[in-house]
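What follows is a short report on a single structure.
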Amino acid sequence: MLAWVGSRFDALIGIRAASEFDEALLRERLIAIKRQMPWMHGMLLASLAGLVIAIPPETPLSMLSTALLFAILLVRAPHMLRIRTEDVSAQRARCELRRTFLVANLYFAVSLTWQLSLYFVLPSSDGSDVAMFAGIAALGASGALSSFSPAARIPLLIGALPFAGLLTIGNRPADQAIGFTLLAVIALRLRLLNVQNLSFERLVRARFALEVEKKRAVEAEQDAITQQARAEEIANRDPLTGLVNRRGFVGTLAGMPEGARRRLALILLDLDGFKPINDTFGHLIGDQMLVEVSRRLLDLGSGALVVARLGGDEFAVVCRCQSAGQAVVVAQHAIASISVPYKLDGREMRISACAGVSFQGETRVNDALRRADIALYDAKRRMRGTASLFSEQMEEDVRRRTAIEQALRDPGLGSDIKLAFQPIFDLESLELSSFEALARWRHPELGWISPAEFIPISEQISVLQELSETLLARAAAAARHWPDRVSLSFNLSPVQLCGPATASNVLATIAREQLEASRLLIEVTETALLADFEAARANLSQLRKAGVRIVLDDFGAGYSSISYLREMAFDAVKLDGSLLSSASKGGNGLALLQGVLALCRAMGQPCVAEYVENDEQLRLLRTLGCRYGQGFGLCPPLGQPETHDLIRSGVLKVARPESPLRHARRAALR
């Protein structure tokens, strides 16, 4: 009979051991409870002591109940600590869980009886304190017993629920609020116990299944160890080249002593020209080239401690060097080795590489990689086949670029960038012909940021189109108030010129600002034409049909393809400033400028000279027949109000041709 009752009781509180899994579950419940028991007992002791201290001294106190509660805690805690869970049997675990359930009932029954007596004896405010202590103790105990949900429900149902009910039917609104809150917490906690119990069982089931599998695989244990070691090797190795990959590289560096890392140079290498070969001849040839690159890097010598392929066509070398100069020499040696022609599939192929070097002073692996990467970016920006040593200035440049990029993403940036207008004069008469719109940006923290700095960044982050349209709209609005004879000159970048809707957007913008298309000059560079000639020609053709005039900017700066002059039929050609500065010194520079001007006259395209700085340059341009000019010597860029002053000043004729700049400046200042 007793055995049947015990069996039914065990089934009721969920501690039957009908299978091996049930036995494992019992052991895991006991282990979890033992782990939490000292903290739970400490919390209950603290709560009990706090309640005794909080009760007014004159309150009748049942010493028997208090002593019994203290005794239960002080006796039960050492007993639980003596249990050795490493080899506890399922039978012992079931007995201990049964005792835990019964002790929890006993403790909270005694606690409830004692605390209820205090609740009804004390004033309502002190009674609320009793309820608070009871709720805290119950919730804490429930959390500690959560791995054994039948026992975890006891503190909630016996220790907290009665007080929650009493508070809700009390007369004080604050007590009622606390009571309803406590009821909600109890309900949620009961629900959470069910979820935690299911999760605990799933976890134990997973562990149990794992143990079963381990037992079944005892005979293959050595094979599993071998496979694990192989998996680790695969995780840290590049399967193509056999070099360590990024994960293995970082792990290798991190495993080195800190002092040793201070004496090492980190070199990052990025291949130049690899992608076209890979795309043209296929991945098989590309893979063969990567294998050969890795072999050459391994042959650098004993100084190379680690060689890695970080991904794609990026490699890394760690070597011991005595100085930063030696580290750069090693990087240059690596570049030279990579640049030697490759014999692949019967063909001779060439690639190059750029290198970024970080040397000493940095013990954190990620920071060393970051610095080398910054140096690599600098090398790639300069030219192929170069190596750059990291410097603080490089990092400052990266910070500045990042700050500029973030500022460019600000939706309100358009109002921060101002417009200046540089006059373009007819050099023979010094009549004002047009104004070139120039962007001027003064950042509150970064200071002046030139267009040469922020325009490329805005192209890369795809905000240039919106920014350019905003600036064009403001420039057109200003030009609308100029005389019809004064035109507006505006620059388009390569990205804009090749955009599919650029021409439509430009025409729509000036139409909104009521500026006639015939008064707009669009300046484009040969670089822009090189990016996508057909797309550029389509946009420029659409603009010319609408009446916009097209100016070829910076002619003579580098490419100077005559075919562009023939095919695009520009309305004017703006000469690069280097032509004038070189011609001012005589010799070949003068002959070159004469030749360019003669070429443009033959093509029927007037020229605009940039950077006219002094009287001698102006006389030279007049002598050679250059039609237009601009520069600080004629007039610096002006704000919008100053453009009207210049227009009203009547700088149209020059009284003394022998000194035109002096008179132009004087007239502009009237």
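Convention: chains lettered A, B, ... in structure tokens order; per-chain residue numbering from 1; ligands numbered from 1 as shown.
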
Near segment 203-220 of chain A, within 8 Å and counting only C-alpha atoms, which residues show up once chain neighbours fewer than 2 positions away are dropped, as a count of residues only?
10

Who sits within 10 Å of Trp39 of chain A, only C-alpha atoms, same chain under 4 positions skipped, as number ranges by chain:
A: 34-35, 43-45, 77, 140-141, 144

Can you write out the residues you just picked, keeping N, CA and C atoms, as a PDB file, in the first residue's frame?
ATOM      1  N   LYS A  34      20.842  21.774  -6.458  1.00  0.00           N
ATOM      2  CA  LYS A  34      21.974  21.908  -5.542  1.00  0.00           C
ATOM      3  C   LYS A  34      22.801  23.142  -5.875  1.00  0.00           C
ATOM      4  N   ARG A  35      22.931  23.423  -7.160  1.00  0.00           N
ATOM      5  CA  ARG A  35      23.721  24.580  -7.574  1.00  0.00           C
ATOM      6  C   ARG A  35      23.069  25.881  -7.090  1.00  0.00           C
ATOM      7  N   MET A  43      19.134  33.903   0.362  1.00  0.00           N
ATOM      8  CA  MET A  43      18.099  34.890   0.099  1.00  0.00           C
ATOM      9  C   MET A  43      16.953  34.766   1.087  1.00  0.00           C
ATOM     10  N   LEU A  44      16.541  33.518   1.398  1.00  0.00           N
ATOM     11  CA  LEU A  44      15.448  33.325   2.362  1.00  0.00           C
ATOM     12  C   LEU A  44      15.857  33.767   3.760  1.00  0.00           C
ATOM     13  N   LEU A  45      17.102  33.465   4.130  1.00  0.00           N
ATOM     14  CA  LEU A  45      17.584  33.923   5.439  1.00  0.00           C
ATOM     15  C   LEU A  45      17.588  35.443   5.503  1.00  0.00           C
ATOM     16  N   ALA A  77      20.402  23.351   4.257  1.00  0.00           N
ATOM     17  CA  ALA A  77      21.518  23.810   3.433  1.00  0.00           C
ATOM     18  C   ALA A  77      22.737  22.900   3.528  1.00  0.00           C
ATOM     19  N   GLY A 140      11.840  34.776  -5.362  1.00  0.00           N
ATOM     20  CA  GLY A 140      13.233  34.340  -5.389  1.00  0.00           C
ATOM     21  C   GLY A 140      13.356  32.835  -5.273  1.00  0.00           C
ATOM     22  N   ALA A 141      12.612  32.243  -4.343  1.00  0.00           N
ATOM     23  CA  ALA A 141      12.673  30.795  -4.168  1.00  0.00           C
ATOM     24  C   ALA A 141      12.168  30.068  -5.411  1.00  0.00           C
ATOM     25  N   ALA A 144      14.909  29.969  -7.945  1.00  0.00           N
ATOM     26  CA  ALA A 144      15.977  29.027  -7.615  1.00  0.00           C
ATOM     27  C   ALA A 144      15.547  27.585  -7.844  1.00  0.00           C
TER      28      ALA A 144
END

How many Å lie between atom CA of Asp313 of chain A and atom CA of Thr527 of chain A, rounded to one decimal?
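Taking atom CA of Asp313 of chain A and atom CA of Thr527 of chain A, their separation equals 27.9 Å.
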
Using only C-alpha atoms for the distances, tell me which of A:Leu266, A:Ser117, A:Tyr611, A:Ala104 is nearest to Ile154 of chain A.
A:Ala104

If you run DSSP on the backbone, which residues of segment 400-444 of chain A are strand (DSSP E or B), as an mmCIF file with C-alpha atoms, in the first residue's frame?
data_model
loop_
_atom_site.group_PDB
_atom_site.id
_atom_site.type_symbol
_atom_site.label_atom_id
_atom_site.label_comp_id
_atom_site.auth_asym_id
_atom_site.auth_seq_id
_atom_site.Cartn_x
_atom_site.Cartn_y
_atom_site.Cartn_z
ATOM 1 C CA ILE A 417 27.551 74.179 -48.872
ATOM 2 C CA LYS A 418 27.690 77.712 -50.243
ATOM 3 C CA LEU A 419 28.097 78.900 -53.811
ATOM 4 C CA ALA A 420 30.768 81.269 -55.112
ATOM 5 C CA PHE A 421 30.795 82.653 -58.634
ATOM 6 C CA GLN A 422 34.064 83.277 -60.497
ATOM 7 C CA PRO A 423 33.736 85.687 -63.428
ATOM 8 C CA ILE A 424 34.874 84.724 -66.921
ATOM 9 C CA PHE A 425 35.877 87.727 -69.031
ATOM 10 C CA ASP A 426 36.332 88.453 -72.690
ATOM 11 C CA GLU A 431 33.630 92.429 -70.730
ATOM 12 C CA LEU A 432 31.954 90.044 -68.313
ATOM 13 C CA SER A 433 30.870 86.930 -70.180
ATOM 14 C CA SER A 434 29.722 84.448 -67.530
ATOM 15 C CA PHE A 435 30.123 83.221 -63.975
ATOM 16 C CA GLU A 436 31.333 79.745 -63.074
ATOM 17 C CA ALA A 437 29.484 78.336 -60.043
ATOM 18 C CA LEU A 438 31.906 76.935 -57.456
ATOM 19 C CA ALA A 439 30.965 74.962 -54.337
ATOM 20 C CA ARG A 440 32.414 76.210 -51.041
ATOM 21 C CA TRP A 441 31.989 74.141 -47.876
ATOM 22 C CA ARG A 442 33.166 75.229 -44.445
ATOM 23 C CA HIS A 443 32.456 72.485 -41.911
#

Contact residues around Ala177 of chain A with only C-alpha atoms at 12 Å, ignoring same-chain residues under 5 positions, as number ranges by chain
A: 128, 164-172, 182-184

Create the file for the chosen residues now, containing N, CA and C atoms and written as an mmCIF file, in the first residue's frame.
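Here's the written file part-v9.cif:
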data_model
loop_
_atom_site.group_PDB
_atom_site.id
_atom_site.type_symbol
_atom_site.label_atom_id
_atom_site.label_comp_id
_atom_site.auth_asym_id
_atom_site.auth_seq_id
_atom_site.Cartn_x
_atom_site.Cartn_y
_atom_site.Cartn_z
ATOM 1 N N SER A 128 1.482 45.697 4.657
ATOM 2 C CA SER A 128 1.957 45.700 3.273
ATOM 3 C C SER A 128 3.424 45.324 3.201
ATOM 4 N N ALA A 164 -1.160 38.270 -2.260
ATOM 5 C CA ALA A 164 -1.633 39.013 -3.418
ATOM 6 C C ALA A 164 -3.143 39.186 -3.357
ATOM 7 N N GLY A 165 -3.848 38.099 -2.935
ATOM 8 C CA GLY A 165 -5.288 38.200 -2.796
ATOM 9 C C GLY A 165 -5.703 39.171 -1.714
ATOM 10 N N LEU A 166 -5.010 39.135 -0.580
ATOM 11 C CA LEU A 166 -5.345 40.053 0.515
ATOM 12 C C LEU A 166 -5.132 41.503 0.112
ATOM 13 N N LEU A 167 -4.054 41.759 -0.609
ATOM 14 C CA LEU A 167 -3.779 43.142 -1.009
ATOM 15 C C LEU A 167 -4.823 43.653 -1.990
ATOM 16 N N THR A 168 -5.291 42.801 -2.893
ATOM 17 C CA THR A 168 -6.269 43.265 -3.890
ATOM 18 C C THR A 168 -7.601 43.620 -3.259
ATOM 19 N N ILE A 169 -7.941 42.990 -2.111
ATOM 20 C CA ILE A 169 -9.236 43.305 -1.480
ATOM 21 C C ILE A 169 -9.072 44.294 -0.341
ATOM 22 N N GLY A 170 -7.852 44.845 -0.207
ATOM 23 C CA GLY A 170 -7.612 45.827 0.838
ATOM 24 C C GLY A 170 -8.267 47.162 0.516
ATOM 25 N N ASN A 171 -8.133 48.083 1.466
ATOM 26 C CA ASN A 171 -8.780 49.396 1.334
ATOM 27 C C ASN A 171 -7.859 50.447 0.724
ATOM 28 N N ARG A 172 -6.562 50.215 0.755
ATOM 29 C CA ARG A 172 -5.620 51.208 0.242
ATOM 30 C C ARG A 172 -5.393 50.984 -1.258
ATOM 31 N N LEU A 182 1.204 41.857 -8.221
ATOM 32 C CA LEU A 182 1.754 40.599 -7.740
ATOM 33 C C LEU A 182 1.010 39.413 -8.346
ATOM 34 N N LEU A 183 -0.320 39.548 -8.489
ATOM 35 C CA LEU A 183 -1.080 38.472 -9.133
ATOM 36 C C LEU A 183 -0.617 38.251 -10.574
ATOM 37 N N ALA A 184 -0.396 39.370 -11.282
ATOM 38 C CA ALA A 184 0.063 39.256 -12.661
ATOM 39 C C ALA A 184 1.438 38.606 -12.734
#

By how many Å are atom CA of Leu161 of chain A and atom CA of Ile31 of chain A apart?
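Distance between the two atoms: 28.1 Å.
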
Could you give me, as a ChimeraX atom specification, the residues within 8 Å of Pro341 of chain A, counting only C-alpha atoms and dropping anything in the same chain fewer than 2 positions from it?
/A:339,343,348-351

Same residues, N, CA and C atoms, saved as an mmCIF file, in the first residue's frame:
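File out_37.cif, as written:
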data_model
loop_
_atom_site.group_PDB
_atom_site.id
_atom_site.type_symbol
_atom_site.label_atom_id
_atom_site.label_comp_id
_atom_site.auth_asym_id
_atom_site.auth_seq_id
_atom_site.Cartn_x
_atom_site.Cartn_y
_atom_site.Cartn_z
ATOM 1 N N SER A 339 55.404 40.481 -59.136
ATOM 2 C CA SER A 339 55.355 41.119 -60.461
ATOM 3 C C SER A 339 56.107 40.347 -61.535
ATOM 4 N N LYS A 343 53.908 31.926 -66.128
ATOM 5 C CA LYS A 343 53.702 31.046 -67.273
ATOM 6 C C LYS A 343 52.541 30.119 -66.945
ATOM 7 N N GLU A 348 52.069 33.920 -71.123
ATOM 8 C CA GLU A 348 52.792 34.728 -70.140
ATOM 9 C C GLU A 348 51.850 35.811 -69.633
ATOM 10 N N MET A 349 51.654 35.845 -68.340
ATOM 11 C CA MET A 349 50.713 36.793 -67.741
ATOM 12 C C MET A 349 51.424 37.597 -66.664
ATOM 13 N N ARG A 350 50.973 38.842 -66.508
ATOM 14 C CA ARG A 350 51.599 39.732 -65.538
ATOM 15 C C ARG A 350 50.538 40.340 -64.617
ATOM 16 N N ILE A 351 50.904 40.434 -63.380
ATOM 17 C CA ILE A 351 50.112 41.180 -62.407
ATOM 18 C C ILE A 351 51.086 41.970 -61.545
#

Counting only C-alpha atoms, what is within 7 Å of Arg480 of chain A, bar same-chain residues fewer than 4 positions away, as a ChimeraX atom specification?
/A:476,514-515

Could you check the closest approach to Phe120 of chain A for each of A:Leu620, A:Phe163, A:Ala46, A:Ser541 and tell me which residue wins, using only C-alpha atoms?
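Among the listed residues, the smallest separation from Phe120 of chain A belongs to A:Phe163.
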
Nearest to Ala308 of chain A among A:Ser584, A:Thr402, A:Asn236, A:Asn105, with distances taken over only C-alpha atoms: which residue is it?
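Of A:Ser584, A:Thr402, A:Asn236, A:Asn105, the one nearest Ala308 of chain A, counting only C-alpha atoms, is A:Asn236.
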
Need the shell around segment 243-255 of chain A: protein/DNA/RNA residues with any atom at most 7 Å away, counting only C-alpha atoms. Skip same-chain ones fewer than 2 positions apart. Format as a VMD selection string?
chain A and resid 236 to 238 241 257 307 to 310 365

If you measure from atom CA of Ser578 of chain A to atom CA of Pro637 of chain A, what distance in Å do you get, rounded to one decimal?
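That distance, rounded to one decimal, is 19.5 Å.
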
I need the residues of segment 245-361 of chain A that end up classed as helix (DSSP H, G or I) by DSSP on the backbone, written out as a PDB file with N, CA and C atoms, in the first residue's frame.
ATOM      1  N   ARG A 246      42.108  33.981 -42.967  1.00  0.00           N
ATOM      2  CA  ARG A 246      41.999  35.124 -42.050  1.00  0.00           C
ATOM      3  C   ARG A 246      41.804  34.666 -40.608  1.00  0.00           C
ATOM      4  N   ARG A 247      40.957  33.674 -40.416  1.00  0.00           N
ATOM      5  CA  ARG A 247      40.703  33.188 -39.055  1.00  0.00           C
ATOM      6  C   ARG A 247      41.976  32.630 -38.428  1.00  0.00           C
ATOM      7  N   GLY A 248      42.682  31.786 -39.202  1.00  0.00           N
ATOM      8  CA  GLY A 248      43.915  31.222 -38.683  1.00  0.00           C
ATOM      9  C   GLY A 248      44.995  32.271 -38.497  1.00  0.00           C
ATOM     10  N   PHE A 249      45.013  33.261 -39.385  1.00  0.00           N
ATOM     11  CA  PHE A 249      46.012  34.325 -39.298  1.00  0.00           C
ATOM     12  C   PHE A 249      45.829  35.139 -38.019  1.00  0.00           C
ATOM     13  N   VAL A 250      44.589  35.552 -37.765  1.00  0.00           N
ATOM     14  CA  VAL A 250      44.312  36.336 -36.557  1.00  0.00           C
ATOM     15  C   VAL A 250      44.599  35.506 -35.315  1.00  0.00           C
ATOM     16  N   GLY A 251      44.202  34.220 -35.354  1.00  0.00           N
ATOM     17  CA  GLY A 251      44.463  33.359 -34.203  1.00  0.00           C
ATOM     18  C   GLY A 251      45.951  33.164 -33.956  1.00  0.00           C
ATOM     19  N   THR A 252      46.726  33.015 -35.034  1.00  0.00           N
ATOM     20  CA  THR A 252      48.173  32.844 -34.884  1.00  0.00           C
ATOM     21  C   THR A 252      48.813  34.078 -34.270  1.00  0.00           C
ATOM     22  N   LEU A 253      48.432  35.249 -34.757  1.00  0.00           N
ATOM     23  CA  LEU A 253      48.990  36.486 -34.212  1.00  0.00           C
ATOM     24  C   LEU A 253      48.573  36.682 -32.756  1.00  0.00           C
ATOM     25  N   ALA A 254      47.299  36.405 -32.475  1.00  0.00           N
ATOM     26  CA  ALA A 254      46.821  36.590 -31.101  1.00  0.00           C
ATOM     27  C   ALA A 254      47.515  35.642 -30.141  1.00  0.00           C
ATOM     28  N   GLY A 255      47.944  34.469 -30.632  1.00  0.00           N
ATOM     29  CA  GLY A 255      48.610  33.507 -29.764  1.00  0.00           C
ATOM     30  C   GLY A 255      50.068  33.826 -29.504  1.00  0.00           C
ATOM     31  N   GLU A 258      52.880  39.024 -26.272  1.00  0.00           N
ATOM     32  CA  GLU A 258      52.721  40.451 -26.553  1.00  0.00           C
ATOM     33  C   GLU A 258      54.048  41.102 -26.908  1.00  0.00           C
ATOM     34  N   GLY A 259      55.091  40.763 -26.205  1.00  0.00           N
ATOM     35  CA  GLY A 259      56.398  41.349 -26.498  1.00  0.00           C
ATOM     36  C   GLY A 259      56.890  40.991 -27.879  1.00  0.00           C
ATOM     37  N   ALA A 260      56.599  39.769 -28.323  1.00  0.00           N
ATOM     38  CA  ALA A 260      57.045  39.339 -29.647  1.00  0.00           C
ATOM     39  C   ALA A 260      56.312  40.102 -30.742  1.00  0.00           C
ATOM     40  N   ARG A 261      55.025  40.405 -30.525  1.00  0.00           N
ATOM     41  CA  ARG A 261      54.259  41.122 -31.541  1.00  0.00           C
ATOM     42  C   ARG A 261      54.787  42.529 -31.759  1.00  0.00           C
ATOM     43  N   PHE A 274      44.572  41.188 -61.215  1.00  0.00           N
ATOM     44  CA  PHE A 274      44.204  39.775 -61.128  1.00  0.00           C
ATOM     45  C   PHE A 274      42.784  39.537 -61.649  1.00  0.00           C
ATOM     46  N   LYS A 275      41.856  40.427 -61.324  1.00  0.00           N
ATOM     47  CA  LYS A 275      40.461  40.202 -61.697  1.00  0.00           C
ATOM     48  C   LYS A 275      40.271  40.091 -63.215  1.00  0.00           C
ATOM     49  N   PRO A 276      40.881  40.967 -64.022  1.00  0.00           N
ATOM     50  CA  PRO A 276      40.714  40.782 -65.477  1.00  0.00           C
ATOM     51  C   PRO A 276      41.207  39.430 -65.964  1.00  0.00           C
ATOM     52  N   ILE A 277      42.325  38.945 -65.417  1.00  0.00           N
ATOM     53  CA  ILE A 277      42.834  37.627 -65.819  1.00  0.00           C
ATOM     54  C   ILE A 277      41.855  36.539 -65.396  1.00  0.00           C
ATOM     55  N   ASN A 278      41.349  36.649 -64.170  1.00  0.00           N
ATOM     56  CA  ASN A 278      40.408  35.651 -63.657  1.00  0.00           C
ATOM     57  C   ASN A 278      39.131  35.634 -64.494  1.00  0.00           C
ATOM     58  N   ASP A 279      38.645  36.829 -64.875  1.00  0.00           N
ATOM     59  CA  ASP A 279      37.408  36.916 -65.661  1.00  0.00           C
ATOM     60  C   ASP A 279      37.623  36.479 -67.111  1.00  0.00           C
ATOM     61  N   THR A 280      38.800  36.785 -67.662  1.00  0.00           N
ATOM     62  CA  THR A 280      39.050  36.500 -69.081  1.00  0.00           C
ATOM     63  C   THR A 280      39.404  35.038 -69.322  1.00  0.00           C
ATOM     64  N   PHE A 281      40.284  34.499 -68.505  1.00  0.00           N
ATOM     65  CA  PHE A 281      40.802  33.149 -68.751  1.00  0.00           C
ATOM     66  C   PHE A 281      40.158  32.089 -67.858  1.00  0.00           C
ATOM     67  N   HIS A 283      38.392  30.746 -63.877  1.00  0.00           N
ATOM     68  CA  HIS A 283      38.820  30.574 -62.485  1.00  0.00           C
ATOM     69  C   HIS A 283      39.953  29.556 -62.353  1.00  0.00           C
ATOM     70  N   LEU A 284      40.053  28.614 -63.275  1.00  0.00           N
ATOM     71  CA  LEU A 284      41.125  27.625 -63.182  1.00  0.00           C
ATOM     72  C   LEU A 284      42.486  28.317 -63.296  1.00  0.00           C
ATOM     73  N   ILE A 285      42.631  29.196 -64.286  1.00  0.00           N
ATOM     74  CA  ILE A 285      43.880  29.947 -64.442  1.00  0.00           C
ATOM     75  C   ILE A 285      44.072  30.885 -63.255  1.00  0.00           C
ATOM     76  N   GLY A 286      42.983  31.516 -62.816  1.00  0.00           N
ATOM     77  CA  GLY A 286      43.081  32.402 -61.660  1.00  0.00           C
ATOM     78  C   GLY A 286      43.542  31.671 -60.418  1.00  0.00           C
ATOM     79  N   ASP A 287      43.015  30.466 -60.222  1.00  0.00           N
ATOM     80  CA  ASP A 287      43.432  29.677 -59.052  1.00  0.00           C
ATOM     81  C   ASP A 287      44.906  29.296 -59.145  1.00  0.00           C
ATOM     82  N   GLN A 288      45.345  28.929 -60.353  1.00  0.00           N
ATOM     83  CA  GLN A 288      46.753  28.581 -60.519  1.00  0.00           C
ATOM     84  C   GLN A 288      47.658  29.781 -60.203  1.00  0.00           C
ATOM     85  N   MET A 289      47.205  30.954 -60.580  1.00  0.00           N
ATOM     86  CA  MET A 289      48.003  32.150 -60.298  1.00  0.00           C
ATOM     87  C   MET A 289      48.060  32.414 -58.793  1.00  0.00           C
ATOM     88  N   LEU A 290      46.951  32.241 -58.106  1.00  0.00           N
ATOM     89  CA  LEU A 290      46.936  32.453 -56.654  1.00  0.00           C
ATOM     90  C   LEU A 290      47.861  31.465 -55.950  1.00  0.00           C
ATOM     91  N   VAL A 291      47.881  30.231 -56.417  1.00  0.00           N
ATOM     92  CA  VAL A 291      48.778  29.233 -55.837  1.00  0.00           C
ATOM     93  C   VAL A 291      50.230  29.640 -56.049  1.00  0.00           C
ATOM     94  N   GLU A 292      50.528  30.151 -57.243  1.00  0.00           N
ATOM     95  CA  GLU A 292      51.903  30.573 -57.531  1.00  0.00           C
ATOM     96  C   GLU A 292      52.284  31.796 -56.692  1.00  0.00           C
ATOM     97  N   VAL A 293      51.335  32.723 -56.500  1.00  0.00           N
ATOM     98  CA  VAL A 293      51.607  33.889 -55.643  1.00  0.00           C
ATOM     99  C   VAL A 293      51.924  33.440 -54.221  1.00  0.00           C
ATOM    100  N   SER A 294      51.144  32.502 -53.715  1.00  0.00           N
ATOM    101  CA  SER A 294      51.390  32.015 -52.355  1.00  0.00           C
ATOM    102  C   SER A 294      52.762  31.348 -52.256  1.00  0.00           C
ATOM    103  N   ARG A 295      53.164  30.606 -53.306  1.00  0.00           N
ATOM    104  CA  ARG A 295      54.482  29.959 -53.281  1.00  0.00           C
ATOM    105  C   ARG A 295      55.594  31.000 -53.236  1.00  0.00           C
ATOM    106  N   ARG A 296      55.444  32.054 -54.023  1.00  0.00           N
ATOM    107  CA  ARG A 296      56.464  33.100 -54.045  1.00  0.00           C
ATOM    108  C   ARG A 296      56.563  33.816 -52.699  1.00  0.00           C
ATOM    109  N   LEU A 297      55.427  34.031 -52.069  1.00  0.00           N
ATOM    110  CA  LEU A 297      55.465  34.686 -50.761  1.00  0.00           C
ATOM    111  C   LEU A 297      56.122  33.785 -49.714  1.00  0.00           C
ATOM    112  N   LEU A 298      55.885  32.483 -49.813  1.00  0.00           N
ATOM    113  CA  LEU A 298      56.532  31.555 -48.880  1.00  0.00           C
ATOM    114  C   LEU A 298      58.042  31.507 -49.095  1.00  0.00           C
ATOM    115  N   ALA A 324      61.436  50.033 -39.455  1.00  0.00           N
ATOM    116  CA  ALA A 324      60.335  50.253 -40.387  1.00  0.00           C
ATOM    117  C   ALA A 324      60.839  50.231 -41.822  1.00  0.00           C
ATOM    118  N   GLY A 325      62.046  50.778 -42.037  1.00  0.00           N
ATOM    119  CA  GLY A 325      62.611  50.765 -43.382  1.00  0.00           C
ATOM    120  C   GLY A 325      62.812  49.362 -43.897  1.00  0.00           C
ATOM    121  N   GLN A 326      63.272  48.468 -43.022  1.00  0.00           N
ATOM    122  CA  GLN A 326      63.467  47.079 -43.433  1.00  0.00           C
ATOM    123  C   GLN A 326      62.127  46.436 -43.767  1.00  0.00           C
ATOM    124  N   ALA A 327      61.074  46.786 -43.019  1.00  0.00           N
ATOM    125  CA  ALA A 327      59.748  46.232 -43.295  1.00  0.00           C
ATOM    126  C   ALA A 327      59.260  46.661 -44.671  1.00  0.00           C
ATOM    127  N   VAL A 328      59.512  47.926 -45.025  1.00  0.00           N
ATOM    128  CA  VAL A 328      59.119  48.403 -46.351  1.00  0.00           C
ATOM    129  C   VAL A 328      59.910  47.679 -47.435  1.00  0.00           C
ATOM    130  N   VAL A 329      61.195  47.426 -47.183  1.00  0.00           N
ATOM    131  CA  VAL A 329      62.021  46.696 -48.151  1.00  0.00           C
ATOM    132  C   VAL A 329      61.465  45.295 -48.376  1.00  0.00           C
ATOM    133  N   VAL A 330      61.064  44.630 -47.300  1.00  0.00           N
ATOM    134  CA  VAL A 330      60.469  43.295 -47.431  1.00  0.00           C
ATOM    135  C   VAL A 330      59.195  43.370 -48.266  1.00  0.00           C
ATOM    136  N   ALA A 331      58.372  44.405 -48.005  1.00  0.00           N
ATOM    137  CA  ALA A 331      57.139  44.569 -48.777  1.00  0.00           C
ATOM    138  C   ALA A 331      57.451  44.793 -50.250  1.00  0.00           C
ATOM    139  N   GLN A 332      58.459  45.619 -50.531  1.00  0.00           N
ATOM    140  CA  GLN A 332      58.843  45.858 -51.929  1.00  0.00           C
ATOM    141  C   GLN A 332      59.396  44.593 -52.579  1.00  0.00           C
ATOM    142  N   HIS A 333      60.130  43.802 -51.797  1.00  0.00           N
ATOM    143  CA  HIS A 333      60.626  42.525 -52.304  1.00  0.00           C
ATOM    144  C   HIS A 333      59.456  41.608 -52.663  1.00  0.00           C
ATOM    145  N   ALA A 334      58.426  41.592 -51.806  1.00  0.00           N
ATOM    146  CA  ALA A 334      57.249  40.767 -52.085  1.00  0.00           C
ATOM    147  C   ALA A 334      56.544  41.242 -53.350  1.00  0.00           C
ATOM    148  N   ILE A 335      56.417  42.575 -53.496  1.00  0.00           N
ATOM    149  CA  ILE A 335      55.781  43.124 -54.698  1.00  0.00           C
ATOM    150  C   ILE A 335      56.576  42.748 -55.947  1.00  0.00           C
ATOM    151  N   ALA A 336      57.911  42.865 -55.847  1.00  0.00           N
ATOM    152  CA  ALA A 336      58.755  42.514 -56.991  1.00  0.00           C
ATOM    153  C   ALA A 336      58.614  41.042 -57.346  1.00  0.00           C
ATOM    154  N   SER A 337      58.526  40.193 -56.337  1.00  0.00           N
ATOM    155  CA  SER A 337      58.375  38.762 -56.594  1.00  0.00           C
ATOM    156  C   SER A 337      57.050  38.466 -57.277  1.00  0.00           C
ATOM    157  N   ILE A 338      55.992  39.128 -56.817  1.00  0.00           N
ATOM    158  CA  ILE A 338      54.669  38.920 -57.408  1.00  0.00           C
ATOM    159  C   ILE A 338      54.630  39.432 -58.846  1.00  0.00           C
ATOM    160  N   SER A 339      55.404  40.481 -59.136  1.00  0.00           N
ATOM    161  CA  SER A 339      55.355  41.119 -60.461  1.00  0.00           C
ATOM    162  C   SER A 339      56.107  40.347 -61.535  1.00  0.00           C
TER     163      SER A 339
END

Compile the contact shell of segment 481-493 of chain A as a ChimeraX atom specification: residues with an atom at most 10 Å away, counting only C-alpha atoms, same-chain residues fewer than 3 positions apart removed.
/A:421-424,431-438,455-456,459,464-465,468,471-472,475-478,496-498,502,506,515-525,527-529,549-551,553,643-644,647

Looking at A:Leu446, A:Lys380, A:Gln227, A:Met256, which one is nearest to Asp272 of chain A, with distances taken over only C-alpha atoms?
A:Lys380
